[in-house]
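One file, work-v2.txt, is given below (compact mmCIF, C-alpha atoms).
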# COMPACT_ATOMS: atom_id res chain seq x y z
CA MET A 63 -150.95 114.23 -129.60
CA LYS A 64 -151.75 113.17 -133.14
CA ILE A 65 -155.18 111.70 -133.85
CA TYR A 66 -155.37 108.92 -136.43
CA THR A 67 -158.09 107.20 -138.34
CA LYS A 68 -157.39 103.53 -139.01
CA GLU A 69 -156.59 104.40 -142.63
CA SER A 70 -154.26 107.30 -141.77
CA LEU A 71 -152.42 105.11 -139.26
CA ILE A 72 -151.82 102.50 -141.94
CA ARG A 73 -150.46 105.22 -144.26
CA GLU A 74 -148.14 106.48 -141.50
CA LEU A 75 -146.86 102.97 -140.75
CA LYS A 76 -146.10 102.48 -144.44
CA LYS A 77 -144.13 105.76 -144.46
CA ILE A 78 -142.13 104.60 -141.44
CA ARG A 79 -141.41 101.28 -143.17
CA LYS A 80 -140.10 103.15 -146.25
CA GLN A 81 -137.60 105.05 -144.07
CA GLY A 82 -135.58 101.87 -143.61
CA TRP A 83 -133.18 101.85 -140.67
CA ILE A 84 -134.16 104.33 -137.94
CA LYS A 85 -131.95 105.23 -135.00
CA SER A 86 -133.48 104.77 -131.56
CA GLN A 87 -133.57 107.95 -129.52
CA ARG A 88 -133.69 106.07 -126.21
CA LYS A 89 -131.26 104.08 -124.10
CA VAL A 90 -130.84 100.47 -125.18
CA SER A 91 -133.56 98.31 -123.64
CA HIS A 92 -135.93 95.53 -124.70
CA GLY A 93 -138.88 97.93 -124.97
CA ASN A 94 -137.04 100.33 -127.28
CA VAL A 95 -138.52 98.89 -130.45
CA GLY A 96 -142.07 99.76 -129.41
CA ASN A 97 -141.15 103.03 -127.70
CA THR A 98 -139.33 104.26 -130.80
CA LEU A 99 -142.33 103.46 -133.01
CA GLU A 100 -144.62 105.35 -130.62
CA ASP A 101 -142.22 108.31 -130.74
CA LEU A 102 -142.30 108.25 -134.54
CA LEU A 103 -146.11 108.20 -134.49
CA GLY A 104 -146.24 110.98 -131.91
CA ILE A 105 -148.39 109.02 -129.50
CA GLU A 106 -148.20 108.30 -125.80
CA GLU A 107 -147.13 104.87 -124.61
CA ASN A 108 -149.92 102.28 -124.91
CA ASN A 109 -152.41 104.91 -126.05
CA LEU A 110 -153.40 104.55 -129.71
CA PRO A 111 -155.78 107.41 -130.57
CA ILE A 112 -158.20 106.18 -133.25
CA PRO A 113 -161.58 107.86 -132.71
CA ASN A 114 -164.95 106.54 -133.89
CA ALA A 115 -163.61 103.03 -134.45
CA ALA A 116 -163.21 99.83 -132.51
CA GLU A 117 -160.27 99.95 -130.12
CA TRP A 118 -156.93 99.04 -131.65
CA GLU A 119 -153.77 98.09 -129.84
CA LEU A 120 -150.26 98.58 -131.21
CA LYS A 121 -147.87 95.67 -130.56
CA CYS A 122 -144.29 95.67 -131.75
CA GLN A 123 -141.72 92.87 -131.55
CA ARG A 124 -138.13 92.35 -132.61
CA ALA A 125 -137.89 89.96 -135.55
CA GLY A 126 -136.13 86.72 -134.65
CA THR A 127 -136.18 87.40 -130.91
CA SER A 128 -136.43 84.53 -128.47
CA SER A 129 -137.83 86.87 -125.81
CA LEU A 130 -141.43 86.63 -124.70
CA THR A 131 -143.83 89.54 -125.12
CA THR A 132 -146.42 90.38 -122.48
CA LEU A 133 -150.01 89.82 -123.54
CA LEU A 134 -151.63 90.99 -120.29
CA HIS A 135 -151.24 91.13 -116.51
CA CYS A 136 -153.78 89.15 -114.49
CA GLU A 137 -153.56 87.65 -111.01
CA PRO A 138 -155.12 84.19 -110.55
CA SER A 139 -158.31 83.39 -108.70
CA PRO A 140 -159.42 82.97 -105.98
CA LYS A 141 -158.24 86.59 -105.74
CA ALA A 142 -159.32 87.00 -102.12
CA ILE A 143 -156.60 84.51 -101.17
CA LYS A 144 -153.84 86.62 -102.82
CA PHE A 145 -152.46 83.31 -104.06
CA VAL A 146 -149.03 84.44 -105.20
CA SER A 147 -148.01 86.43 -102.12
CA LYS A 148 -149.82 84.31 -99.51
CA ILE A 149 -149.30 80.75 -100.80
CA LEU A 150 -146.89 80.32 -103.71
CA LEU A 151 -144.21 82.63 -102.33
CA PRO A 152 -144.11 81.55 -98.64
CA LYS A 153 -144.96 77.87 -99.19
CA TYR A 154 -143.19 77.12 -102.49
CA GLY A 155 -140.65 79.94 -102.77
CA TRP A 156 -136.87 79.74 -102.49
CA LYS A 157 -134.12 82.04 -101.27
CA HIS A 158 -133.70 85.05 -103.55
CA LYS A 159 -130.29 85.14 -105.25
CA LYS A 160 -129.71 88.65 -103.87
CA ALA A 161 -130.88 87.87 -100.35
CA GLY A 162 -128.39 89.34 -97.89
CA THR A 163 -126.96 91.78 -100.45
CA LYS A 164 -129.53 93.93 -102.24
CA TYR A 165 -132.40 92.50 -100.17
CA PRO A 166 -132.75 91.24 -96.58
CA LYS A 167 -131.41 87.77 -95.76
CA THR A 168 -134.97 86.49 -95.48
CA GLU A 169 -135.95 87.57 -99.01
CA MET A 170 -137.74 84.79 -100.89
CA SER A 171 -138.44 84.40 -104.60
CA PHE A 172 -141.11 82.70 -106.69
CA ARG A 173 -140.20 83.20 -110.32
CA GLN A 174 -141.51 80.68 -112.85
CA THR A 175 -142.40 80.85 -116.53
CA ILE A 176 -144.54 77.80 -117.21
CA SER A 177 -146.58 76.31 -120.04
CA CYS A 178 -148.96 73.48 -120.94
CA LEU A 179 -146.24 71.57 -122.78
CA ASN A 180 -144.23 70.31 -119.85
CA TYR A 181 -143.44 70.74 -116.18
CA SER A 182 -140.89 73.31 -115.05
CA ASP A 183 -137.76 72.10 -113.25
CA ARG A 184 -139.58 72.85 -109.97
CA GLY A 185 -142.62 70.78 -110.91
CA PHE A 186 -145.14 73.41 -112.04
CA CYS A 187 -147.20 73.45 -115.23
CA VAL A 188 -150.30 74.98 -116.80
CA LYS A 189 -153.34 72.78 -117.48
CA LEU A 190 -156.64 73.39 -119.22
CA ASP A 191 -159.69 72.04 -117.43
CA LYS A 192 -162.14 72.14 -120.34
CA ARG A 193 -165.00 70.67 -118.32
CA LYS A 194 -164.83 73.44 -115.73
CA ARG A 195 -163.55 75.96 -118.32
CA LYS A 196 -160.52 76.94 -116.28
CA ILE A 197 -156.80 77.51 -116.84
CA VAL A 198 -155.18 76.01 -113.74
CA ILE A 199 -151.70 75.84 -112.24
CA SER A 200 -150.61 72.37 -111.18
CA PHE A 201 -147.74 71.14 -108.99
CA ASN A 202 -146.23 67.64 -109.14
CA SER A 203 -143.24 67.06 -106.87
CA LYS A 204 -142.21 63.99 -108.91
CA LYS A 205 -141.48 66.27 -111.88
CA THR A 206 -138.94 68.35 -109.94
CA ASP A 207 -135.34 68.30 -111.13
CA GLU A 208 -132.86 66.63 -108.79
CA LYS A 209 -130.86 69.87 -108.51
CA HIS A 210 -133.76 71.29 -106.49
CA SER A 211 -133.84 68.43 -103.96
CA THR A 212 -132.99 70.69 -101.00
CA TRP A 213 -135.74 73.11 -101.97
CA LEU A 214 -138.19 70.22 -102.39
CA LYS A 215 -137.45 69.01 -98.86
CA SER A 216 -138.21 72.50 -97.57
CA VAL A 217 -141.53 72.50 -99.46
CA ASN A 218 -142.37 69.17 -97.83
CA THR A 219 -141.70 70.71 -94.42
CA ARG A 220 -143.75 73.80 -95.18
CA ILE A 221 -146.84 72.33 -96.89
CA ARG A 222 -146.21 68.69 -97.89
CA LEU A 223 -145.62 67.42 -101.41
CA LYS A 224 -149.10 67.40 -102.84
CA GLU A 225 -151.15 69.07 -105.53
CA LEU A 226 -151.99 72.72 -104.93
CA ASN A 227 -155.24 72.96 -103.01
CA PRO A 228 -156.98 75.10 -103.98
CA GLN A 229 -155.36 75.48 -107.38
CA PRO A 230 -154.86 79.01 -108.73
CA TYR A 231 -156.92 79.47 -111.88
CA TRP A 232 -158.36 81.79 -114.51
CA GLY A 233 -161.82 81.16 -115.93
CA PHE A 234 -161.84 80.84 -119.74
CA ASP A 235 -164.45 83.57 -120.16
CA ASP A 236 -162.87 85.93 -117.62
CA ILE A 237 -159.38 85.77 -119.13
CA PHE A 238 -160.70 86.04 -122.68
CA HIS A 239 -162.71 89.11 -121.68
CA LYS A 240 -159.54 90.73 -120.35
CA VAL A 241 -157.56 89.84 -123.49
CA GLY A 242 -160.41 91.07 -125.69
CA ALA A 243 -160.68 94.37 -123.81
CA LYS A 244 -157.02 95.03 -124.58
CA LEU A 245 -156.40 93.27 -127.89
CA SER A 246 -159.74 92.91 -129.66
CA ASN A 247 -158.12 94.47 -132.73
CA CYS A 248 -154.40 94.92 -133.16
CA PHE A 249 -151.71 96.31 -135.42
CA TYR A 250 -148.71 94.00 -135.04
CA ILE A 251 -145.33 95.18 -136.33
CA GLU A 252 -142.11 93.20 -136.59
CA ALA A 253 -138.86 95.13 -136.65
CA GLU A 254 -135.38 94.10 -137.73
CA VAL A 255 -132.67 95.26 -135.32
CA LYS A 256 -128.99 96.13 -135.63
CA LYS A 257 -126.42 97.86 -133.41
CA GLU A 258 -123.77 100.34 -134.46
CA ASN A 259 -121.47 102.11 -131.99
CA LYS A 260 -123.62 100.94 -129.07
CA LYS A 261 -126.72 102.48 -130.68
CA GLU A 262 -129.76 100.51 -131.80
CA PHE A 263 -131.37 100.88 -135.22
CA PHE A 264 -134.76 99.50 -136.20
CA LYS A 265 -136.33 98.66 -139.55
CA TYR A 266 -140.09 98.23 -139.20
CA SER A 267 -140.37 95.70 -141.98
CA LYS A 268 -143.65 93.79 -141.45
CA ILE A 269 -147.06 95.21 -140.60
CA TYR A 270 -150.11 93.08 -139.81
CA GLN A 271 -153.70 94.11 -139.20
CA LEU A 272 -155.31 91.61 -136.83
CA SER A 273 -159.01 91.27 -135.97
CA GLY A 274 -161.48 88.63 -134.87
CA LEU A 275 -159.82 87.59 -131.62
CA SER A 276 -160.88 84.00 -130.93
CA ILE A 277 -161.19 82.20 -127.59
CA ASP A 278 -160.65 78.86 -129.35
CA LYS A 279 -157.43 80.14 -130.91
CA PHE A 280 -156.33 81.58 -127.56
CA LEU A 281 -156.79 78.21 -125.84
CA ASN A 282 -155.11 76.43 -128.74
CA CYS A 283 -152.08 78.71 -128.34
CA LEU A 284 -151.96 77.84 -124.65
CA GLU A 285 -152.05 74.12 -125.41
CA LYS A 286 -149.26 74.46 -127.98
CA GLY A 287 -147.05 76.41 -125.59
CA PHE A 288 -147.22 79.63 -127.64
CA ILE A 289 -148.67 81.40 -124.58
CA LEU A 290 -147.06 80.96 -121.16
CA VAL A 291 -147.84 82.06 -117.61
CA ASP A 292 -145.12 84.07 -115.90
CA PHE A 293 -144.87 84.48 -112.11
CA ASN A 294 -142.39 87.04 -110.81
CA ALA A 295 -142.65 87.68 -107.09
CA ARG A 296 -140.31 88.23 -104.18
CA THR A 297 -140.97 88.89 -100.51
CA GLY A 298 -140.76 92.67 -100.91
CA HIS A 299 -142.77 92.96 -104.13
CA ASN A 300 -145.00 91.00 -106.49
CA HIS A 301 -144.09 92.17 -109.99
CA GLY A 302 -147.35 90.71 -111.27
CA THR A 303 -148.51 87.54 -112.99
CA LYS A 304 -148.42 87.79 -116.77
CA PHE A 305 -149.62 85.88 -119.80
CA ARG A 306 -146.84 86.11 -122.38
CA PHE A 307 -146.53 84.92 -125.98
CA ARG A 308 -143.63 83.55 -127.99
CA LYS A 309 -142.13 85.37 -130.94
CA ASN A 310 -144.31 85.95 -133.98
CA LYS A 311 -147.26 84.04 -132.46
CA LEU A 312 -149.65 86.94 -131.79
CA PRO A 313 -151.38 86.54 -135.21
CA ASP A 314 -152.31 82.98 -134.19
CA LEU A 315 -154.91 84.45 -131.81
CA TYR A 316 -156.97 86.00 -134.60
CA LYS A 317 -159.38 84.80 -137.26
CA ASN A 318 -158.47 87.64 -139.64
CA VAL A 319 -154.79 88.30 -140.38
CA LYS A 320 -153.93 90.82 -143.08
CA GLU A 321 -150.35 91.72 -143.98
CA ILE A 322 -150.11 95.35 -145.07
In structure tokens, what does this structure look like?
Amino acid sequence: MKIYTKESLIRELKKIRKQGWIKSQRKVSHGNVGNTLEDLLGIEENNLPIPNAAEWELKCQRAGTSSLTTLLHCEPSPKAIKFVSKILLPKYGWKHKKAGTKYPKTEMSFRQTISCLNYSDRGFCVKLDKRKRKIVISFNSKKTDEKHSTWLKSVNTRIRLKELNPQPYWGFDDIFHKVGAKLSNCFYIEAEVKKENKKEFFKYSKIYQLSGLSIDKFLNCLEKGFILVDFNARTGHNHGTKFRFRKNKLPDLYKNVKEI
């Protein structure tokens, strides 16, 4: 594995940018853009080797994408309850679309990507309790779309149509510590993408050096809907709860943003 100083990494990223369009050596997938850059740098996935310096993370995103990028995985508290698998899935879940085919007939799903801006069509949203310094998940049955009326009746039978009690949450300081441990400093690269003969090509056109991660900016991004909470669980497996950010919004988390 190559070992980089911060300065030598910047030089290498500039060289890659000068190469223009680069053919992906992997099968077409959403993660190709980051995997290809890691291949070009000669580093292992999610392992940026910069010794004798603050930890740096490498984040890469397709320019113009509408897809969300994962910021971190973190299950809500109270963790002893195992909230997703023990409450949200059995009490608020719905029949998995592949129940009876790929999965057993009894397979349930709880898959929601929710934000502070508005309620989802099943009545869930993210709220900031600034007094208690918590990010909480809220449920309001009156915000549920009419198309989910049958599901809502089943929720009423299972647990009644009321606010979650207790509410799953993340403490401000706890979640910021987890984000900071992973993304205290970050190189953020945007890549243009094109396809030719079913092959993907990337042009790593914009490079940003980000530092000074800010809890106030993190919470502001949550309030603006730039960061969302993503639940993805089914009866047979909880794929994990994620905090994800919208395209090109990662720099909004930092006090210091330098385009290279």
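Between A:Phe293 and the residues A:Gly96, A:Gly82, A:Gly126, A:Pro138, the shortest atom-to-atom distance, using all atoms listed in the file, involves A:Pro138.
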Take atom CA of A:Ser211 and atom CA of A:Lys153 and report the distance between them in Å, one decimal. 15.3 Å
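Distance check against A:Ile84 using all atoms listed in the file: of A:Thr132, A:Asn202, A:Asn318, A:Ser267, the minimum falls on A:Ser267.
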Can you pull out every residue within 7 Å of A:Ile197, counting all atoms listed in the file, but drop anything in the same chain fewer than 6 positions away, and send it as a PDB file with C-alpha atoms, keeping the file's coordinate frame?
ATOM      1  CA  VAL A 188    -150.300  74.980-116.800  1.00  0.00           C
ATOM      2  CA  LYS A 189    -153.340  72.780-117.480  1.00  0.00           C
ATOM      3  CA  LEU A 190    -156.640  73.390-119.220  1.00  0.00           C
ATOM      4  CA  ASP A 191    -159.690  72.040-117.430  1.00  0.00           C
ATOM      5  CA  TYR A 231    -156.920  79.470-111.880  1.00  0.00           C
ATOM      6  CA  TRP A 232    -158.360  81.790-114.510  1.00  0.00           C
ATOM      7  CA  GLY A 233    -161.820  81.160-115.930  1.00  0.00           C
ATOM      8  CA  PHE A 234    -161.840  80.840-119.740  1.00  0.00           C
TER       9      PHE A 234
END
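If you look at atom CA of A:His210 and atom CA of A:Tyr154, they are 11.8 Å away from each other.
The gap separating atom CA of A:Thr219 from atom CA of A:Lys160 is 23.6 Å, in Å to one decimal.
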Point (-138.5, 81.0, -97.0), cut-off 8 Å, counting all atoms listed in the file, residues as a PDB file with C-alpha atoms, keeping the file's coordinate frame:
ATOM      1  CA  LEU A 151    -144.210  82.630-102.330  1.00  0.00           C
ATOM      2  CA  PRO A 152    -144.110  81.550 -98.640  1.00  0.00           C
ATOM      3  CA  LYS A 153    -144.960  77.870 -99.190  1.00  0.00           C
ATOM      4  CA  GLY A 155    -140.650  79.940-102.770  1.00  0.00           C
ATOM      5  CA  TRP A 156    -136.870  79.740-102.490  1.00  0.00           C
ATOM      6  CA  LYS A 157    -134.120  82.040-101.270  1.00  0.00           C
ATOM      7  CA  THR A 168    -134.970  86.490 -95.480  1.00  0.00           C
ATOM      8  CA  GLU A 169    -135.950  87.570 -99.010  1.00  0.00           C
ATOM      9  CA  MET A 170    -137.740  84.790-100.890  1.00  0.00           C
TER      10      MET A 170
END
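A search radius of 9 Å centred on (-151.0, 84.7, -133.3), applied to only C-alpha atoms, returns the residues A:Leu272, A:Lys279, A:Phe280, A:Cys283, A:Phe288, A:Phe307, A:Asn310, A:Lys311, A:Leu312, A:Pro313, A:Asp314, A:Leu315, A:Tyr316, A:Val319.
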As JSON: centre and edge lengths in Å, one decimal, of the axis-aligned box holding stretch 136-144 of chain A with 3 Å per side:
{"center_x": -156.5, "center_y": 86.1, "center_z": -107.8, "size_x": 11.9, "size_y": 12.2, "size_z": 19.3}
Would you mind listing what lies within 12 Å of A:Leu226 as a list in words, with only C-alpha atoms counted and same-chain residues fewer than 5 positions away left out? Phe145, Ile149, Leu150, Lys153, Tyr154, Gly185, Phe186, Cys187, Val198, Ile199, Ser200, Phe201, Asn202, Ser203, Val217, Ile221 and Tyr231 of chain A
Select, from A:Ile176, A:Ile65, A:Ala125, A:Leu103, the residue with the minimum atom-to-atom distance to A:Lys265, counting all atoms listed in the file. A:Ala125
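The shortest atom-to-atom distance to A:Ser246, with all atoms listed in the file taken into account, belongs to A:Lys317 out of A:Arg184, A:Arg88, A:Lys317, A:Lys76.
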